[in-house]
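I have placed the structure first, in the form of structure tokens, so that the comments after it can refer back to it.
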Number of protein chains: 2
Amino acid sequence: MDSFQENAWQRASLEQVLLKMDSMGFDAFVVTDLPSIRWLTGFSGSSARLLLTPGGSWLFTDSRYRLQAAAEVKVAEPVITGEGFVAALRSGRYPLGRCVALQSDRVSWHEASRIIAAVDERCRVVPVDGFFDAFRMVKSPGELLLMQRAADISGQVLDEVIPMISPAMRECDIAAEITCRHRKLGAQKDSFDPIVASGARGAMPHAQPADARFEPGSLIVIDMGCMVDGYASDQTRTVGLGPVCAEAKEVYGIVREAQQLGVCSARCGMRARELDGIVRSFIAGHGYGEAFGHGLGHGIGLEVHEGLHISPKGETVLQEGMVFTIEPGIYLEGKFGVRIEDTVVMEAGRARSLQRYSRELTEL
Amino acid sequence: MDSFQENAWQRASLEQVLLKMDSMGFDAFVVTDLPSIRWLTGFSGSSARLLLTPGGSWLFTDSRYRLQAAAEVKVAEPVITGEGFVAALRSGRYPLGRCVALQSDRVSWHEASRIIAAVDERCRVVPVDGFFDAFRMVKSPGELLLMQRAADISGQVLDEVIPMISPAMRECDIAAEITCRHRKLGAQKDSFDPIVASGARGAMPHAQPADARFEPGSLIVIDMGCMVDGYASDQTRTVGLGPVCAEAKEVYGIVREAQQLGVCSARCGMRARELDGIVRSFIAGHGYGEAFGHGLGHGIGLEVHEGLHISPKGETVLQEGMVFTIEPGIYLEGKFGVRIEDTVVMEAGRARSLQRYSRELTEL
């Protein structure tokens with residue numbers, strides 16, 4: 001995937017966005033969230049606002065990013081503002097028409113008020129939520145390459161750190177090794193703080209790594225991912241430190257089957273909640289329905305959680321090119337937790353996992 | 001500092017906040033930013049809203065945090081909401097009075113609109129910015145202990161990683177080691193992504209660590225910090241890989257003196273801009289005024305940048321117990337950069353550095 005193709009994809013995406021704006025009656029769109037700005041323009045800096053109009057688009061940033069904006073942004077005109085974006089809007093130099101859309105879930109009340117005051121006499125500002133979700137859910141070939149690279153790096157990190165687990169190590173040591181190895185293998189950073197949770201702590205889906213050393217016979221949940229050129233990976237494996245008890249083995253087997261069932265059942269045209277329901281029923285059928293308290297998965301891309309919800313309420317219809325996680329879990333309070341997670345892409349109508357790391361129970 | 005003393009400090013802080021609310025005519029305050037919620041209540045979870053009123057205070061969170069909220073929160077009553085905070089406000093169960101303040105810079109336009117709609121018939125919602133800044137600037141003894149511990153951990157990490165720098169290493173390798181060692185030494189995480197920038201890249205104050213190997217004779221800027229129980233450290237050192245050129249030595253010496261001048265000149269009662277001016281004039285007097293393009297420092301605590309700005313526009317008067325950075329730099333585009341940064345606390349009228357790591361030029 002070369003930059004010529006990526007630019008062509010960006011231009012096509014921008015055309016689609018302008019068409020949707022037109023159909024909703026928006027003459028201009030103020031984009032305030034950085035991931036959507038990156039998706040539309042390629043700009044990777046930490047400070048930007050984007051103004052989209054049928055007559056042209058402008059990316060506003062500060063002088064720190066002069067060179068970077070010039071190099072990265074082709075589909076919009078970079079503008080370096082000394083006085084800031086709101087002053088630029090107020091100046092009247094940019095065509096806003098009569099109705100400007102603003103991402104109400106991605107802008108502070110303070111900034112929204114300033115923008116409204118700046119353009120008040122000329123046009124109406126309309127709050128819009130989730131406008132870019134449907135676009136960003138479907139990944140381009142270039143985006144998929146980066147997501148595969150991020151998944152491969154995290155897979156290699158799992159290969160390296162899982163054998164390090166021993167009674168001499170603490171959860172926070174393994175978390176530190178994960179973060180360190182992500183960077184050394186070429187990722188820019190973790191996509192979220194690694195979860196390394198053993199024994200009863202594994203029953204808390206969002207446990208923070210503790211000072212505690214690993215106990216022989218415990219199950220350890222490892223949930224981690226990295227960022228490569230803006231794109232996230234996300235995966236979970238659960239391993240045993242030595243032989244685990246019969247109940248743990250049984251629960252592991254159920255989660256293992258549930259996860260495989262999720263990957264094999266996903267079809268383009270199916271609603272997200274149907275896929276969630278198939279896996280949820282399977283787990284409930286084994287008597288653990290109450291112990292699976294979260295959704296089956298979530299969309300992922302420029303953000304580790306974006307757009308799609310694979311949950312009992314998920315109405316989105318699965319489509320070719322969508323990328324999301326499939327991560328059933330069973331959590332037995334005071335005992336242990338098991339979660340197995342892959343990130344999958346919808347390809348030729350079905351889900352293909354980006355992960356190659358084994359899903360069988362490892363007893364270290 | 002035991003938890004009894006910390007609770008006493010929290011109660012005293014809450015009293016001060018309620019007095020300020022009263023003086024501004026607010027009957028209730030909706031706190032939406034997590035650092036201020038942590039400062040007020042000790043709650044460290046990732047999802048919360050806090051309602052403050054003279055008649056009582058309530059911390060709203062979800063079922064994931066039931067045990068944690070019960071253990072951590074003493075000055076407010078924890079409420080586990082299934083339907084969310086806005087529905088709780090709408091219920092009429094909480095006394096809002098006639099005027100409710102809302103942090104307009106810390107709440108999305110979307111949420112603000114929902115809150116306004118929920119209470120519209122009963123009261124007025126007023127936007128407020130920076131309400132907690134003046135309180136949070138001044139640290140309690142317990143907060144200072146944690147900040148010293150964070151500074152000590154980062155100091156030990158510098159001790160360990162600076163000798164690792166060699167032509168065989170890359171910037172991203174050192175960044176990975178910093179992150180890894182922060183966690184292993186007991187910090188929960190980095191307080192920001194480490195900056196490791198060598199040669200001409202050191203002239204970009206916010207450079208991301210690159211794949212590039214270190215060149216003999218180059219200057220390397222290392223800017224890093226960690227989080228300990230919610231509190232941040234922040235420090236920068238610049239080192240040479242082997243002997244550096246005469247110009248680099250000269251610039252290093254100026255920055256070294258400027259930094260020392262900043263630490264020695266700070267006095268309680270002085271405005272932040274005066275302190276900035278003293279250091280800025282010194283650097284300008286050596287002909288490098290244009291090459292020092294950022295403020296002298298910033299407040300730090302529960303956030304790595306908070307409250308105070310030590311800059312030409314900083315009007316805040318320095319007070320006992322305030323904690324901020326002093327970090328002059330000289331950046332020569334295409335050549336190199338030098339920055340030296342300590343975090344200081346105002347104590348007995350003067351600034352005391354939390355860092356013990358040497359500020360002299362190291363040529364590895």
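Residue numbers start at 1 in each chain; chains themselves are named A, B, ... in the order of the structure tokens; ligands are numbered from 1 in the order shown.
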> Please, which residues of chain B lie no more than 10 Å from chain A when the count uses only C-alpha atoms, and can they be set out as number ranges by chain?
Replying inline: B: 64, 102-113, 127-129, 170-189, 193, 204-206, 208-211
> segment 52-299 of chain B: which residues are strand (DSSP E) by DSSP, as a ChimeraX atom specification?
Replying inline: /B:52-53,56-61,77-80,99-103,124-128,189-190,195-198,219-224,226-228,231-232,235-240,297-298
Go through segment 144-222 of chain B residue by residue and, counting only C-alpha atoms, keep those with an atom at most 10 Å from segment 346-358 of chain B; for each kept residue give the shortest atom pair and its distance in Å to one decimal, ordered by chain and increasing number, as JSON lines.
```
{"residue": "B:Leu144", "atom": "CA", "partner": "B:Leu354", "partner_atom": "CA", "distance": 9.5}
{"residue": "B:Met147", "atom": "CA", "partner": "B:Leu354", "partner_atom": "CA", "distance": 8.1}
{"residue": "B:Gln148", "atom": "CA", "partner": "B:Leu354", "partner_atom": "CA", "distance": 6.0}
{"residue": "B:Arg149", "atom": "CA", "partner": "B:Leu354", "partner_atom": "CA", "distance": 9.2}
{"residue": "B:Ala150", "atom": "CA", "partner": "B:Leu354", "partner_atom": "CA", "distance": 9.4}
{"residue": "B:Ala151", "atom": "CA", "partner": "B:Gln355", "partner_atom": "CA", "distance": 6.2}
{"residue": "B:Asp152", "atom": "CA", "partner": "B:Gln355", "partner_atom": "CA", "distance": 7.1}
{"residue": "B:Ser154", "atom": "CA", "partner": "B:Gln355", "partner_atom": "CA", "distance": 8.8}
{"residue": "B:Gly155", "atom": "CA", "partner": "B:Tyr357", "partner_atom": "CA", "distance": 6.0}
{"residue": "B:Gln156", "atom": "CA", "partner": "B:Tyr357", "partner_atom": "CA", "distance": 8.5}
{"residue": "B:Leu158", "atom": "CA", "partner": "B:Tyr357", "partner_atom": "CA", "distance": 7.8}
{"residue": "B:Asp159", "atom": "CA", "partner": "B:Tyr357", "partner_atom": "CA", "distance": 7.9}
```
> Using only C-alpha atoms, which residue out of A:Phe132, A:Tyr94, A:Tyr331, A:Trp58 lies closest to Ser13 of chain A?
Replying inline: A:Phe132
>> For the structure I just gave you, how does DSSP split segment 29-141 of chain B - specifically, which residues are alpha helix (DSSP H)? Reply as a PyMOL selection string.
In response: chain B and resi 34-41+66-72+85-90+109-119+133-137+141
> Hey, which of A:His294, A:Arg136, A:Lys313, A:Lys74 ends up closest to Asn7 of chain A? Count only C-alpha atoms.
Replying inline: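 Among the listed residues, A:Lys74 lies closest to Asn7 of chain A.
Each of B:Leu51, B:Arg11, B:Ala284, B:Ala101 was compared to Met24 of chain B using only C-alpha atoms, and B:Ala101 turns out to be the nearest.
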>> Applying 7 Å and only C-alpha atoms, which residues near segment 218-223 of chain B remain after dropping the ones on its own chain fewer than 4 positions away? List them as a ChimeraX atom specification.
In response: /B:194-199,202,235-241,244,336,338-339
Taking C-alpha atoms for each residue, export the selection above as a CSV table (one decimal), in the first residue's frame.
```csv
chain,number,residue,atom,x,y,z
B,194,PRO,CA,9.0,9.4,27.3
B,195,ILE,CA,10.8,11.8,25.0
B,196,VAL,CA,14.2,10.6,23.9
B,197,ALA,CA,15.5,12.9,21.2
B,198,SER,CA,19.0,13.0,19.9
B,199,GLY,CA,21.0,15.3,17.6
B,202,GLY,CA,16.5,17.3,20.2
B,235,GLN,CA,12.1,15.8,34.7
B,236,THR,CA,14.4,16.3,31.8
B,237,ARG,CA,18.1,15.8,31.5
B,238,THR,CA,20.3,16.3,28.4
B,239,VAL,CA,23.5,14.2,28.0
B,240,GLY,CA,26.2,13.9,25.4
B,241,LEU,CA,27.2,10.6,23.8
B,244,VAL,CA,30.3,17.2,22.3
B,336,PHE,CA,20.6,20.1,18.7
B,338,VAL,CA,19.2,21.3,25.4
B,339,ARG,CA,16.6,21.2,28.1
```
> Which neighbours of Val251 of chain A fall inside 9 Å, counting only C-alpha atoms, when residues of the same chain fewer than 3 positions from it are skipped, and could you give them as a list in words?
Replying inline: Ala246, Glu247, Ala248, Ile254, Val255, Arg256, Tyr288, Ile330, Gly337 and Val338 of chain A
Dump of all heavy atoms for the selected residues, as a short mmCIF file (atom, residue, chain, number, x, y, z; two decimals), in the first residue's frame:
```
data_model
loop_
_atom_site.label_atom_id
_atom_site.label_comp_id
_atom_site.auth_asym_id
_atom_site.auth_seq_id
_atom_site.Cartn_x
_atom_site.Cartn_y
_atom_site.Cartn_z
N ALA A 246 -9.59 -28.76 38.08
CA ALA A 246 -10.54 -29.28 37.09
C ALA A 246 -11.56 -28.22 36.69
O ALA A 246 -11.92 -28.09 35.51
CB ALA A 246 -11.24 -30.52 37.66
N GLU A 247 -12.03 -27.42 37.67
CA GLU A 247 -13.02 -26.39 37.35
C GLU A 247 -12.44 -25.36 36.38
O GLU A 247 -13.10 -24.93 35.43
CB GLU A 247 -13.48 -25.69 38.65
CG GLU A 247 -14.63 -24.72 38.41
CD GLU A 247 -15.05 -23.98 39.68
OE1 GLU A 247 -14.21 -23.88 40.62
OE2 GLU A 247 -16.19 -23.49 39.73
N ALA A 248 -11.18 -24.96 36.64
CA ALA A 248 -10.53 -24.00 35.76
C ALA A 248 -10.40 -24.57 34.35
O ALA A 248 -10.63 -23.87 33.35
CB ALA A 248 -9.16 -23.61 36.32
N ILE A 254 -14.79 -24.12 27.93
CA ILE A 254 -16.04 -23.48 27.48
C ILE A 254 -15.74 -22.14 26.80
O ILE A 254 -16.27 -21.83 25.73
CB ILE A 254 -17.00 -23.28 28.68
CG1 ILE A 254 -17.43 -24.64 29.24
CG2 ILE A 254 -18.22 -22.46 28.27
CD1 ILE A 254 -18.09 -24.56 30.61
N VAL A 255 -14.86 -21.34 27.41
CA VAL A 255 -14.52 -20.03 26.81
C VAL A 255 -13.81 -20.25 25.47
O VAL A 255 -14.07 -19.55 24.48
CB VAL A 255 -13.65 -19.19 27.78
CG1 VAL A 255 -13.19 -17.90 27.11
CG2 VAL A 255 -14.43 -18.88 29.05
N ARG A 256 -12.93 -21.25 25.43
CA ARG A 256 -12.22 -21.56 24.19
C ARG A 256 -13.21 -21.90 23.07
O ARG A 256 -13.10 -21.39 21.95
CB ARG A 256 -11.27 -22.75 24.46
CG ARG A 256 -10.65 -23.39 23.25
CD ARG A 256 -9.53 -22.53 22.70
NE ARG A 256 -9.07 -23.04 21.42
CZ ARG A 256 -9.56 -22.66 20.24
NH1 ARG A 256 -10.52 -21.75 20.18
NH2 ARG A 256 -9.06 -23.15 19.12
N TYR A 288 -23.08 -20.73 32.72
CA TYR A 288 -22.24 -19.60 33.15
C TYR A 288 -22.74 -18.25 32.61
O TYR A 288 -21.97 -17.31 32.48
CB TYR A 288 -20.79 -19.83 32.73
CG TYR A 288 -20.11 -20.94 33.51
CD1 TYR A 288 -19.93 -22.20 32.95
CD2 TYR A 288 -19.68 -20.72 34.81
CE1 TYR A 288 -19.32 -23.22 33.67
CE2 TYR A 288 -19.07 -21.73 35.53
CZ TYR A 288 -18.89 -22.98 34.96
OH TYR A 288 -18.29 -23.97 35.69
N ILE A 330 -15.46 -15.75 31.19
CA ILE A 330 -16.24 -16.25 32.34
C ILE A 330 -15.46 -15.84 33.60
O ILE A 330 -14.26 -16.12 33.70
CB ILE A 330 -16.44 -17.78 32.28
CG1 ILE A 330 -17.37 -18.13 31.10
CG2 ILE A 330 -17.01 -18.32 33.60
CD1 ILE A 330 -17.60 -19.63 30.90
N GLY A 337 -10.69 -15.92 36.57
CA GLY A 337 -11.37 -15.49 35.35
C GLY A 337 -10.67 -16.08 34.15
O GLY A 337 -9.48 -16.39 34.20
N VAL A 338 -11.44 -16.27 33.07
CA VAL A 338 -10.87 -16.71 31.79
C VAL A 338 -11.42 -15.80 30.71
O VAL A 338 -12.64 -15.59 30.64
CB VAL A 338 -11.26 -18.17 31.46
CG1 VAL A 338 -10.77 -18.55 30.06
CG2 VAL A 338 -10.72 -19.13 32.51
#
```
>> With distances taken over only C-alpha atoms, which residue among A:Val304, A:Ala69, A:Leu332, A:Leu96 lies nearest Asp120 of chain A?
In response: A:Leu96
With a distance cut-off of 12 Å and only C-alpha atoms, select the neighbouring residues of Ile37 of chain A, excluding the residue or stretch itself and same-chain residues fewer than 2 positions from it, and output the selection as a PDB file with C-alpha atoms, in the first residue's frame.
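Dumped to result_10.pdb:
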```pdb
ATOM      1  CA  GLN A  10      -8.600   9.470   1.607  1.00  0.00           C
ATOM      2  CA  SER A  13     -13.569   8.874   1.865  1.00  0.00           C
ATOM      3  CA  LEU A  14     -13.793  12.663   1.874  1.00  0.00           C
ATOM      4  CA  PHE A  29     -18.472  20.326   9.321  1.00  0.00           C
ATOM      5  CA  VAL A  30     -16.102  21.138  12.188  1.00  0.00           C
ATOM      6  CA  VAL A  31     -14.176  17.968  13.132  1.00  0.00           C
ATOM      7  CA  THR A  32     -12.711  18.126  16.631  1.00  0.00           C
ATOM      8  CA  ASP A  33     -11.616  14.556  17.408  1.00  0.00           C
ATOM      9  CA  LEU A  34      -8.068  13.675  16.470  1.00  0.00           C
ATOM     10  CA  PRO A  35      -8.694  10.059  15.364  1.00  0.00           C
ATOM     11  CA  TRP A  39      -8.580   9.081   9.365  1.00  0.00           C
ATOM     12  CA  LEU A  40      -9.656  11.864   6.984  1.00  0.00           C
ATOM     13  CA  THR A  41      -6.317  13.587   6.401  1.00  0.00           C
ATOM     14  CA  GLY A  42      -3.448  11.436   7.723  1.00  0.00           C
ATOM     15  CA  PHE A  43      -2.421  14.152  10.204  1.00  0.00           C
ATOM     16  CA  SER A  44      -0.851  12.528  13.284  1.00  0.00           C
ATOM     17  CA  GLY A  45      -0.143  15.585  15.464  1.00  0.00           C
ATOM     18  CA  SER A  46      -1.678  16.122  18.897  1.00  0.00           C
ATOM     19  CA  SER A  47      -3.478  19.404  18.195  1.00  0.00           C
ATOM     20  CA  ALA A  48      -5.797  20.076  15.243  1.00  0.00           C
ATOM     21  CA  ARG A  49      -9.233  21.133  14.093  1.00  0.00           C
ATOM     22  CA  LEU A  50     -10.572  20.324  10.614  1.00  0.00           C
ATOM     23  CA  LEU A  51     -13.127  22.334   8.655  1.00  0.00           C
ATOM     24  CA  LEU A  52     -14.831  20.421   5.825  1.00  0.00           C
ATOM     25  CA  SER A  57     -11.153  21.772   3.523  1.00  0.00           C
ATOM     26  CA  TRP A  58      -8.697  23.289   6.000  1.00  0.00           C
ATOM     27  CA  LEU A  59      -6.640  21.722   8.767  1.00  0.00           C
ATOM     28  CA  PHE A  60      -5.829  24.179  11.578  1.00  0.00           C
ATOM     29  CA  THR A  61      -2.859  23.481  13.837  1.00  0.00           C
ATOM     30  CA  ALA A  69       1.200  19.048   8.510  1.00  0.00           C
ATOM     31  CA  GLU A  72       1.201  14.495   5.958  1.00  0.00           C
ATOM     32  CA  VAL A  73      -1.892  16.396   4.806  1.00  0.00           C
ATOM     33  CA  VAL A  75      -6.696  16.365   1.112  1.00  0.00           C
ATOM     34  CA  ALA A  76      -6.995  19.593   3.123  1.00  0.00           C
ATOM     35  CA  GLN A 103     -19.216  16.801  16.935  1.00  0.00           C
ATOM     36  CA  ARG A 106     -16.080  15.207  20.950  1.00  0.00           C
ATOM     37  CA  PHE A 132     -17.830   9.204  11.244  1.00  0.00           C
ATOM     38  CA  ARG A 136     -14.367   4.356  10.070  1.00  0.00           C
ATOM     39  CA  GLY A 230      -1.919   5.160  14.752  1.00  0.00           C
ATOM     40  CA  LEU A 302      -7.483   4.313  15.214  1.00  0.00           C
TER      41      LEU A 302
END
```
>> Give me the residues near Ile115 of chain A as a PyMOL selection string, where near means some atom within 9 Å (using only C-alpha atoms) and where sequence neighbours in that chain fewer than 5 positions away do not count.
In response: chain A and resi 85-87+89-90+110+120+125
>> Just want the 10 Å neighbourhood of Gly297 of chain B, counted on only C-alpha atoms, with same-chain residues fewer than 6 positions away dropped. Output as JSON, numbers by chain.
In response: {"B": [262, 272, 275, 276, 305, 308, 309, 310, 311, 324, 325, 326, 327, 328, 341, 342, 343]}
> Interatomic distance between atom CA of Ser140 of chain B and atom CA of Arg38 of chain B?
Replying inline: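 Separation of atom CA of Ser140 of chain B and atom CA of Arg38 of chain B: 13.6 Å.
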>> Can you measure atom CA of Lys139 of chain B to atom CA of Gly321 of chain B for me? One decimal in Å is fine.
In response: 5.3 Å
> What is the distance between atom CA of Thr81 of chain A and atom CA of Asp62 of chain A, in Å to one decimal?
Replying inline: 5.6 Å
